[in-house]
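Listing of coords_39.pdb, PDB, C-alpha atoms
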```pdb
MODEL        1
ATOM      1  CA  ALA A   1     -83.979 -27.359 -34.198
ATOM      2  CA  GLN A   2     -83.992 -30.895 -32.957
ATOM      3  CA  SER A   3     -87.208 -32.900 -32.777
ATOM      4  CA  VAL A   4     -88.283 -36.427 -31.970
ATOM      5  CA  THR A   5     -91.041 -38.537 -33.452
ATOM      6  CA  GLN A   6     -92.441 -41.644 -31.857
ATOM      7  CA  PRO A   7     -94.836 -42.983 -34.485
ATOM      8  CA  ASP A   8     -96.642 -45.422 -32.206
ATOM      9  CA  ILE A   9     -98.882 -43.897 -29.556
ATOM     10  CA  HIS A  10     -99.879 -47.235 -28.062
ATOM     11  CA  ILE A  11     -98.460 -50.740 -28.459
ATOM     12  CA  THR A  12     -99.780 -53.982 -26.999
ATOM     13  CA  VAL A  13     -97.606 -57.081 -26.769
ATOM     14  CA  SER A  14     -97.987 -60.416 -25.047
ATOM     15  CA  GLU A  15     -95.791 -61.233 -22.104
ATOM     16  CA  GLY A  16     -92.700 -63.020 -23.328
ATOM     17  CA  ALA A  17     -92.933 -61.551 -26.811
ATOM     18  CA  SER A  18     -90.297 -59.300 -28.292
ATOM     19  CA  LEU A  19     -90.692 -55.541 -28.373
ATOM     20  CA  GLU A  20     -89.523 -52.727 -30.597
ATOM     21  CA  LEU A  21     -90.442 -49.110 -29.989
ATOM     22  CA  ARG A  22     -89.660 -46.722 -32.793
ATOM     23  CA  CYS A  23     -88.007 -43.356 -32.502
ATOM     24  CA  ASN A  24     -86.939 -41.002 -35.267
ATOM     25  CA  TYR A  25     -85.101 -37.793 -34.679
ATOM     26  CA  SER A  26     -84.292 -34.681 -36.605
ATOM     27  CA  TYR A  27     -81.038 -32.918 -35.937
ATOM     28  CA  GLY A  28     -78.239 -31.541 -38.047
ATOM     29  CA  ALA A  29     -75.332 -33.125 -36.233
ATOM     30  CA  THR A  30     -74.835 -36.251 -34.192
ATOM     31  CA  PRO A  31     -77.343 -35.993 -31.380
ATOM     32  CA  TYR A  32     -77.325 -37.291 -27.873
ATOM     33  CA  LEU A  33     -80.167 -39.825 -27.696
ATOM     34  CA  PHE A  34     -82.003 -41.189 -24.692
ATOM     35  CA  TRP A  35     -84.807 -43.517 -23.775
ATOM     36  CA  TYR A  36     -86.729 -42.919 -20.564
ATOM     37  CA  VAL A  37     -89.518 -44.967 -18.994
ATOM     38  CA  GLN A  38     -92.324 -43.507 -16.927
ATOM     39  CA  SER A  39     -94.785 -45.473 -14.816
ATOM     40  CA  PRO A  40     -98.128 -43.796 -14.087
ATOM     41  CA  GLY A  41     -97.705 -40.772 -11.838
ATOM     42  CA  GLN A  42     -93.994 -41.406 -11.540
ATOM     43  CA  GLY A  43     -90.812 -39.740 -12.639
ATOM     44  CA  LEU A  44     -88.717 -40.503 -15.677
ATOM     45  CA  GLN A  45     -86.178 -43.286 -15.336
ATOM     46  CA  LEU A  46     -83.269 -43.413 -17.739
ATOM     47  CA  LEU A  47     -83.113 -46.712 -19.627
ATOM     48  CA  LEU A  48     -80.134 -46.015 -21.848
ATOM     49  CA  LYS A  49     -78.324 -43.318 -23.773
ATOM     50  CA  TYR A  50     -76.195 -42.871 -26.871
ATOM     51  CA  PHE A  51     -73.528 -40.207 -27.132
ATOM     52  CA  SER A  52     -70.982 -41.753 -29.498
ATOM     53  CA  GLY A  53     -69.139 -44.987 -30.230
ATOM     54  CA  ASP A  54     -70.833 -48.346 -30.526
ATOM     55  CA  THR A  55     -74.219 -47.841 -32.142
ATOM     56  CA  LEU A  56     -75.812 -50.697 -30.208
ATOM     57  CA  VAL A  57     -76.391 -49.526 -26.670
ATOM     58  CA  GLN A  58     -77.291 -51.741 -23.740
ATOM     59  CA  GLY A  59     -79.469 -50.385 -20.987
ATOM     60  CA  ILE A  60     -81.112 -51.449 -17.785
ATOM     61  CA  LYS A  61     -83.923 -54.001 -17.438
ATOM     62  CA  GLY A  62     -82.762 -55.913 -20.529
ATOM     63  CA  PHE A  63     -83.397 -53.079 -22.994
ATOM     64  CA  GLU A  64     -81.155 -52.138 -25.877
ATOM     65  CA  ALA A  65     -81.312 -49.548 -28.626
ATOM     66  CA  GLU A  66     -79.570 -49.140 -31.935
ATOM     67  CA  PHE A  67     -78.542 -45.812 -33.407
ATOM     68  CA  LYS A  68     -78.893 -45.784 -37.192
ATOM     69  CA  ARG A  69     -77.648 -42.538 -38.629
ATOM     70  CA  SER A  70     -78.816 -43.346 -42.158
ATOM     71  CA  GLN A  71     -82.374 -43.753 -40.932
ATOM     72  CA  SER A  72     -82.229 -41.085 -38.198
ATOM     73  CA  SER A  73     -83.576 -43.706 -35.849
ATOM     74  CA  PHE A  74     -82.924 -44.893 -32.328
ATOM     75  CA  ASN A  75     -85.323 -47.786 -31.805
ATOM     76  CA  LEU A  76     -85.678 -49.463 -28.430
ATOM     77  CA  ARG A  77     -85.828 -53.255 -28.240
ATOM     78  CA  LYS A  78     -86.313 -55.989 -25.700
ATOM     79  CA  PRO A  79     -86.264 -59.689 -26.607
ATOM     80  CA  SER A  80     -88.823 -60.804 -24.025
ATOM     81  CA  VAL A  81     -91.264 -58.429 -22.383
ATOM     82  CA  HIS A  82     -92.330 -58.791 -18.748
ATOM     83  CA  TRP A  83     -95.626 -57.587 -17.315
ATOM     84  CA  SER A  84     -93.705 -55.042 -15.233
ATOM     85  CA  ASP A  85     -92.522 -53.354 -18.438
ATOM     86  CA  ALA A  86     -95.970 -51.842 -18.977
ATOM     87  CA  ALA A  87     -95.388 -48.083 -18.867
ATOM     88  CA  GLU A  88     -94.941 -45.002 -21.029
ATOM     89  CA  TYR A  89     -91.681 -44.825 -22.963
ATOM     90  CA  PHE A  90     -90.154 -41.563 -24.096
ATOM     91  CA  CYS A  91     -87.409 -41.089 -26.609
ATOM     92  CA  ALA A  92     -85.472 -37.847 -26.227
ATOM     93  CA  VAL A  93     -82.801 -35.987 -28.125
ATOM     94  CA  GLY A  94     -80.302 -33.510 -26.770
ATOM     95  CA  ALA A  95     -77.832 -31.511 -28.746
ATOM     96  CA  GLY A  96     -75.151 -31.081 -26.153
ATOM     97  CA  ASN A  97     -76.958 -28.091 -24.780
ATOM     98  CA  ASN A  98     -79.662 -27.814 -22.215
ATOM     99  CA  ASP A  99     -82.655 -28.165 -24.459
ATOM    100  CA  MET A 100     -83.678 -31.812 -24.457
ATOM    101  CA  ARG A 101     -86.696 -32.571 -26.613
ATOM    102  CA  PHE A 102     -88.968 -35.498 -25.908
ATOM    103  CA  GLY A 103     -91.123 -37.498 -28.252
ATOM    104  CA  ALA A 104     -94.823 -37.767 -27.534
ATOM    105  CA  GLY A 105     -94.309 -41.122 -25.868
ATOM    106  CA  THR A 106     -95.419 -44.679 -26.576
ATOM    107  CA  ARG A 107     -97.657 -46.411 -24.085
ATOM    108  CA  LEU A 108     -96.848 -50.090 -23.729
ATOM    109  CA  THR A 109     -99.523 -52.542 -22.602
ATOM    110  CA  VAL A 110     -98.476 -56.108 -21.793
ATOM    111  CA  LYS A 111    -101.055 -58.868 -22.176
ATOM    112  CA  PRO A 112    -100.810 -61.915 -19.911
TER
ATOM    113  CA  ALA B   1     -77.382 -43.976  -4.806
ATOM    114  CA  ALA B   2     -78.726 -40.529  -4.099
ATOM    115  CA  GLY B   3     -81.326 -39.237  -6.501
ATOM    116  CA  VAL B   4     -82.903 -35.916  -7.330
ATOM    117  CA  ILE B   5     -85.237 -34.763  -4.582
ATOM    118  CA  GLN B   6     -88.269 -32.619  -5.262
ATOM    119  CA  SER B   7     -90.581 -31.051  -2.753
ATOM    120  CA  PRO B   8     -93.404 -30.967  -2.240
ATOM    121  CA  ARG B   9     -94.562 -34.076  -4.084
ATOM    122  CA  HIS B  10     -98.107 -32.795  -4.302
ATOM    123  CA  LEU B  11     -99.423 -29.251  -4.137
ATOM    124  CA  ILE B  12    -102.922 -27.886  -4.415
ATOM    125  CA  LYS B  13    -103.428 -24.188  -5.054
ATOM    126  CA  GLU B  14    -106.214 -21.924  -6.146
ATOM    127  CA  LYS B  15    -106.238 -19.632  -9.154
ATOM    128  CA  ARG B  16    -104.149 -16.496  -8.791
ATOM    129  CA  GLU B  17    -102.160 -17.955  -5.906
ATOM    130  CA  THR B  18     -98.419 -18.482  -5.935
ATOM    131  CA  ALA B  19     -96.431 -21.686  -5.602
ATOM    132  CA  THR B  20     -92.797 -22.534  -5.013
ATOM    133  CA  LEU B  21     -91.341 -25.847  -6.079
ATOM    134  CA  LYS B  22     -87.968 -27.017  -4.832
ATOM    135  CA  CYS B  23     -85.377 -29.260  -6.389
ATOM    136  CA  TYR B  24     -82.294 -30.754  -4.769
ATOM    137  CA  PRO B  25     -79.908 -32.186  -7.363
ATOM    138  CA  ILE B  26     -77.807 -35.284  -7.041
ATOM    139  CA  PRO B  27     -74.655 -34.462  -5.046
ATOM    140  CA  ARG B  28     -71.894 -32.945  -7.198
ATOM    141  CA  HIS B  29     -74.321 -32.164 -10.007
ATOM    142  CA  ASP B  30     -74.060 -28.520 -10.988
ATOM    143  CA  THR B  31     -76.809 -28.285 -13.586
ATOM    144  CA  VAL B  32     -80.552 -28.245 -12.964
ATOM    145  CA  TYR B  33     -83.353 -28.431 -15.507
ATOM    146  CA  TRP B  34     -87.081 -27.842 -15.073
ATOM    147  CA  TYR B  35     -89.777 -29.500 -17.179
ATOM    148  CA  GLN B  36     -93.549 -29.307 -17.237
ATOM    149  CA  GLN B  37     -95.619 -32.340 -18.198
ATOM    150  CA  GLY B  38     -99.309 -31.804 -18.768
ATOM    151  CA  PRO B  39    -101.783 -34.705 -18.608
ATOM    152  CA  GLY B  40    -101.033 -37.168 -21.383
ATOM    153  CA  GLN B  41     -98.276 -34.934 -22.735
ATOM    154  CA  ASP B  42     -94.540 -35.251 -23.100
ATOM    155  CA  PRO B  43     -92.306 -33.189 -20.822
ATOM    156  CA  GLN B  44     -91.687 -29.642 -22.029
ATOM    157  CA  PHE B  45     -88.460 -27.901 -21.156
ATOM    158  CA  LEU B  46     -88.916 -24.743 -19.087
ATOM    159  CA  ILE B  47     -85.547 -23.478 -17.932
ATOM    160  CA  SER B  48     -82.112 -24.621 -16.815
ATOM    161  CA  PHE B  49     -79.240 -23.458 -14.665
ATOM    162  CA  TYR B  50     -75.540 -24.217 -14.728
ATOM    163  CA  GLU B  51     -73.301 -23.145 -11.883
ATOM    164  CA  LYS B  52     -76.033 -20.942 -10.438
ATOM    165  CA  MET B  53     -76.533 -18.996 -13.647
ATOM    166  CA  GLN B  54     -79.452 -19.327 -16.021
ATOM    167  CA  SER B  55     -78.243 -21.456 -18.876
ATOM    168  CA  ASP B  56     -81.131 -21.918 -21.246
ATOM    169  CA  LYS B  57     -84.750 -20.926 -21.456
ATOM    170  CA  GLY B  58     -87.600 -22.856 -22.990
ATOM    171  CA  SER B  59     -91.337 -22.396 -22.873
ATOM    172  CA  ILE B  60     -91.457 -20.866 -19.420
ATOM    173  CA  PRO B  61     -94.279 -18.341 -18.911
ATOM    174  CA  ASP B  62     -93.384 -14.860 -17.729
ATOM    175  CA  ARG B  63     -95.370 -15.595 -14.556
ATOM    176  CA  PHE B  64     -92.765 -18.175 -13.617
ATOM    177  CA  SER B  65     -89.261 -17.531 -12.413
ATOM    178  CA  ALA B  66     -86.516 -19.754 -11.116
ATOM    179  CA  GLN B  67     -83.079 -19.618  -9.617
ATOM    180  CA  GLN B  68     -80.281 -21.863  -8.505
ATOM    181  CA  PHE B  69     -78.734 -21.249  -5.122
ATOM    182  CA  SER B  70     -75.185 -21.539  -3.812
ATOM    183  CA  ASP B  71     -75.808 -25.119  -2.665
ATOM    184  CA  TYR B  72     -77.048 -25.913  -6.206
ATOM    185  CA  HIS B  73     -80.625 -26.496  -5.214
ATOM    186  CA  SER B  74     -83.165 -24.743  -7.365
ATOM    187  CA  GLU B  75     -86.593 -23.223  -6.851
ATOM    188  CA  LEU B  76     -89.309 -22.629  -9.399
ATOM    189  CA  ASN B  77     -91.609 -19.771  -8.423
ATOM    190  CA  MET B  78     -95.007 -19.640 -10.041
ATOM    191  CA  SER B  79     -97.316 -16.659  -9.623
ATOM    192  CA  SER B  80    -100.852 -15.832 -10.701
ATOM    193  CA  LEU B  81    -101.553 -19.510 -11.111
ATOM    194  CA  GLU B  82    -103.976 -20.555 -13.810
ATOM    195  CA  LEU B  83    -105.962 -23.734 -14.235
ATOM    196  CA  GLY B  84    -103.717 -24.653 -17.153
ATOM    197  CA  ASP B  85    -100.701 -24.712 -14.881
ATOM    198  CA  SER B  86    -101.937 -27.979 -13.397
ATOM    199  CA  ALA B  87     -99.261 -30.450 -14.375
ATOM    200  CA  LEU B  88     -96.406 -32.598 -13.214
ATOM    201  CA  TYR B  89     -93.262 -30.540 -12.792
ATOM    202  CA  PHE B  90     -89.995 -32.384 -13.085
ATOM    203  CA  CYS B  91     -86.578 -31.328 -12.080
ATOM    204  CA  ALA B  92     -83.528 -33.044 -13.524
ATOM    205  CA  SER B  93     -79.881 -32.663 -12.666
ATOM    206  CA  GLY B  94     -76.602 -33.371 -14.396
ATOM    207  CA  ARG B  95     -72.907 -32.551 -14.406
ATOM    208  CA  GLY B  96     -71.840 -29.819 -16.744
ATOM    209  CA  ARG B  97     -73.971 -28.839 -19.669
ATOM    210  CA  THR B  98     -73.771 -31.976 -21.750
ATOM    211  CA  ASP B  99     -74.249 -34.792 -19.294
ATOM    212  CA  THR B 100     -77.203 -37.083 -18.959
ATOM    213  CA  GLN B 101     -80.187 -35.604 -17.168
ATOM    214  CA  TYR B 102     -81.422 -37.557 -14.165
ATOM    215  CA  PHE B 103     -85.007 -36.851 -13.246
ATOM    216  CA  GLY B 104     -86.643 -36.413  -9.887
ATOM    217  CA  PRO B 105     -90.021 -37.922  -9.008
ATOM    218  CA  GLY B 106     -91.854 -34.727  -9.875
ATOM    219  CA  THR B 107     -94.226 -32.360  -8.116
ATOM    220  CA  ARG B 108     -97.857 -32.700  -9.037
ATOM    221  CA  LEU B 109     -99.441 -29.264  -9.009
ATOM    222  CA  THR B 110    -103.200 -28.962  -9.064
ATOM    223  CA  VAL B 111    -104.747 -25.540  -9.536
ATOM    224  CA  LEU B 112    -108.401 -25.286  -8.550
TER
ENDMDL
END
```

Please re-express this file's structure in structure tokens.
Amino acid sequence: AQSVTQPDIHITVSEGASLELRCNYSYGATPYLFWYVQSPGQGLQLLLKYFSGDTLVQGIKGFEAEFKRSQSSFNLRKPSVHWSDAAEYFCAVGAGNNDMRFGAGTRLTVKP
Amino acid sequence: AAGVIQSPRHLIKEKRETATLKCYPIPRHDTVYWYQQGPGQDPQFLISFYEKMQSDKGSIPDRFSAQQFSDYHSELNMSSLELGDSALYFCASGRGRTDTQYFGPGTRLTVL
């Protein structure tokens, strides 16, 4: 069964600094991988997704993620964080069926 | 662009009452997914429908049932509510069974 691990529960970065949120997955075949962002009390907004092809995926709001099969990772990056990026970030894996599994989430705090 | 609509956005019920949550998918989406997100938790998959038929089942309690109607909207029926049912309930929609899932804003259910 597929699973997702987000090793960092909480990350604090300064505004303007770079960001990397880690995500590791477990799945027997090539998974479908997603990053979602959730502001407090809000829904989940899709940042980007990987199905196949180029392993470096560009998303909205200046985010990108790189699929590394050898490391079973799909880390999310942003070169310069803005205060409005403070939120909860969820990595998710789907196997081409309906059962999408989420990681526990990483809460991002942005310092002025 | 049209998004997933969920109603109501907030719902307060007492123990042992029933609740019905509604989800209206993005136009031309034929698949609906339901998730439950407890406080500080990641979303947990409950159930999904494709073309008005149940497609997959996750950790949905027997007290809950759901269906997808001819216009593709879906309803999640919850009976004998318990305090532990207090959570944010998300609906997501997609096209087919392997497409990206787009989330609605959620329904916050509080059971007193």

> Expanded to explicit residues, what is the PyMOL selection byres ((chain B and resi 70-82) around 8) for this file, as JSON, numbers by chain?
Replying inline: {"B": [13, 14, 15, 16, 17, 18, 19, 20, 21, 22, 23, 24, 25, 29, 30, 31, 32, 51, 52, 63, 64, 65, 66, 67, 68, 69, 83, 84, 85, 86, 111]}

> Expanded to explicit residues, what is the PyMOL selection byres ((chain B and resi 91) around 6) for this file, as a PyMOL selection string?
Replying inline: chain B and resi 33-34+90+92+103-104

Output C-alpha atoms for every residue in that selection, as a PDB file, in the frame of the given file.
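Now in out_29.pdb:
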```pdb
ATOM      1  CA  TYR B  33     -83.353 -28.431 -15.507  1.00  0.00           C
ATOM      2  CA  TRP B  34     -87.081 -27.842 -15.073  1.00  0.00           C
ATOM      3  CA  PHE B  90     -89.995 -32.384 -13.085  1.00  0.00           C
ATOM      4  CA  ALA B  92     -83.528 -33.044 -13.524  1.00  0.00           C
ATOM      5  CA  PHE B 103     -85.007 -36.851 -13.246  1.00  0.00           C
ATOM      6  CA  GLY B 104     -86.643 -36.413  -9.887  1.00  0.00           C
TER       7      GLY B 104
END
```

Translate the ChimeraX specification (/B :<12) & /A, as applied to the file shown, into an explicit residue set as a short mmCIF file (atom, residue, chain, number, x, y, z; two decimals) with C-alpha atoms, in the frame of the given file.
```
data_model
loop_
_atom_site.label_atom_id
_atom_site.label_comp_id
_atom_site.auth_asym_id
_atom_site.auth_seq_id
_atom_site.Cartn_x
_atom_site.Cartn_y
_atom_site.Cartn_z
CA VAL A 4 -88.28 -36.43 -31.97
CA THR A 5 -91.04 -38.54 -33.45
CA GLN A 6 -92.44 -41.64 -31.86
CA ILE A 9 -98.88 -43.90 -29.56
CA PRO A 31 -77.34 -35.99 -31.38
CA TYR A 32 -77.32 -37.29 -27.87
CA LEU A 33 -80.17 -39.83 -27.70
CA PHE A 34 -82.00 -41.19 -24.69
CA TRP A 35 -84.81 -43.52 -23.78
CA TYR A 36 -86.73 -42.92 -20.56
CA VAL A 37 -89.52 -44.97 -18.99
CA GLN A 38 -92.32 -43.51 -16.93
CA SER A 39 -94.78 -45.47 -14.82
CA PRO A 40 -98.13 -43.80 -14.09
CA GLY A 41 -97.70 -40.77 -11.84
CA GLN A 42 -93.99 -41.41 -11.54
CA GLY A 43 -90.81 -39.74 -12.64
CA LEU A 44 -88.72 -40.50 -15.68
CA GLN A 45 -86.18 -43.29 -15.34
CA LEU A 46 -83.27 -43.41 -17.74
CA LEU A 47 -83.11 -46.71 -19.63
CA LEU A 48 -80.13 -46.02 -21.85
CA LYS A 49 -78.32 -43.32 -23.77
CA TYR A 50 -76.19 -42.87 -26.87
CA PHE A 51 -73.53 -40.21 -27.13
CA GLU A 88 -94.94 -45.00 -21.03
CA TYR A 89 -91.68 -44.82 -22.96
CA PHE A 90 -90.15 -41.56 -24.10
CA CYS A 91 -87.41 -41.09 -26.61
CA ALA A 92 -85.47 -37.85 -26.23
CA VAL A 93 -82.80 -35.99 -28.12
CA GLY A 94 -80.30 -33.51 -26.77
CA ALA A 95 -77.83 -31.51 -28.75
CA GLY A 96 -75.15 -31.08 -26.15
CA ASN A 97 -76.96 -28.09 -24.78
CA ASN A 98 -79.66 -27.81 -22.22
CA ASP A 99 -82.66 -28.16 -24.46
CA MET A 100 -83.68 -31.81 -24.46
CA ARG A 101 -86.70 -32.57 -26.61
CA PHE A 102 -88.97 -35.50 -25.91
CA GLY A 103 -91.12 -37.50 -28.25
CA ALA A 104 -94.82 -37.77 -27.53
CA GLY A 105 -94.31 -41.12 -25.87
CA THR A 106 -95.42 -44.68 -26.58
CA ARG A 107 -97.66 -46.41 -24.08
#
```

> What is the CA of Ser26 (chain A)-CA of Glu66 (chain A) distance in Å, reported with one decimal?
Replying inline: 15.9 Å

> Could you work out how far CA of Ser72 (chain A) lies from CA of Tyr27 (chain A), giving the answer in Å with one decimal?
Replying inline: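 CA of Ser72 (chain A) lies 8.6 Å from CA of Tyr27 (chain A).
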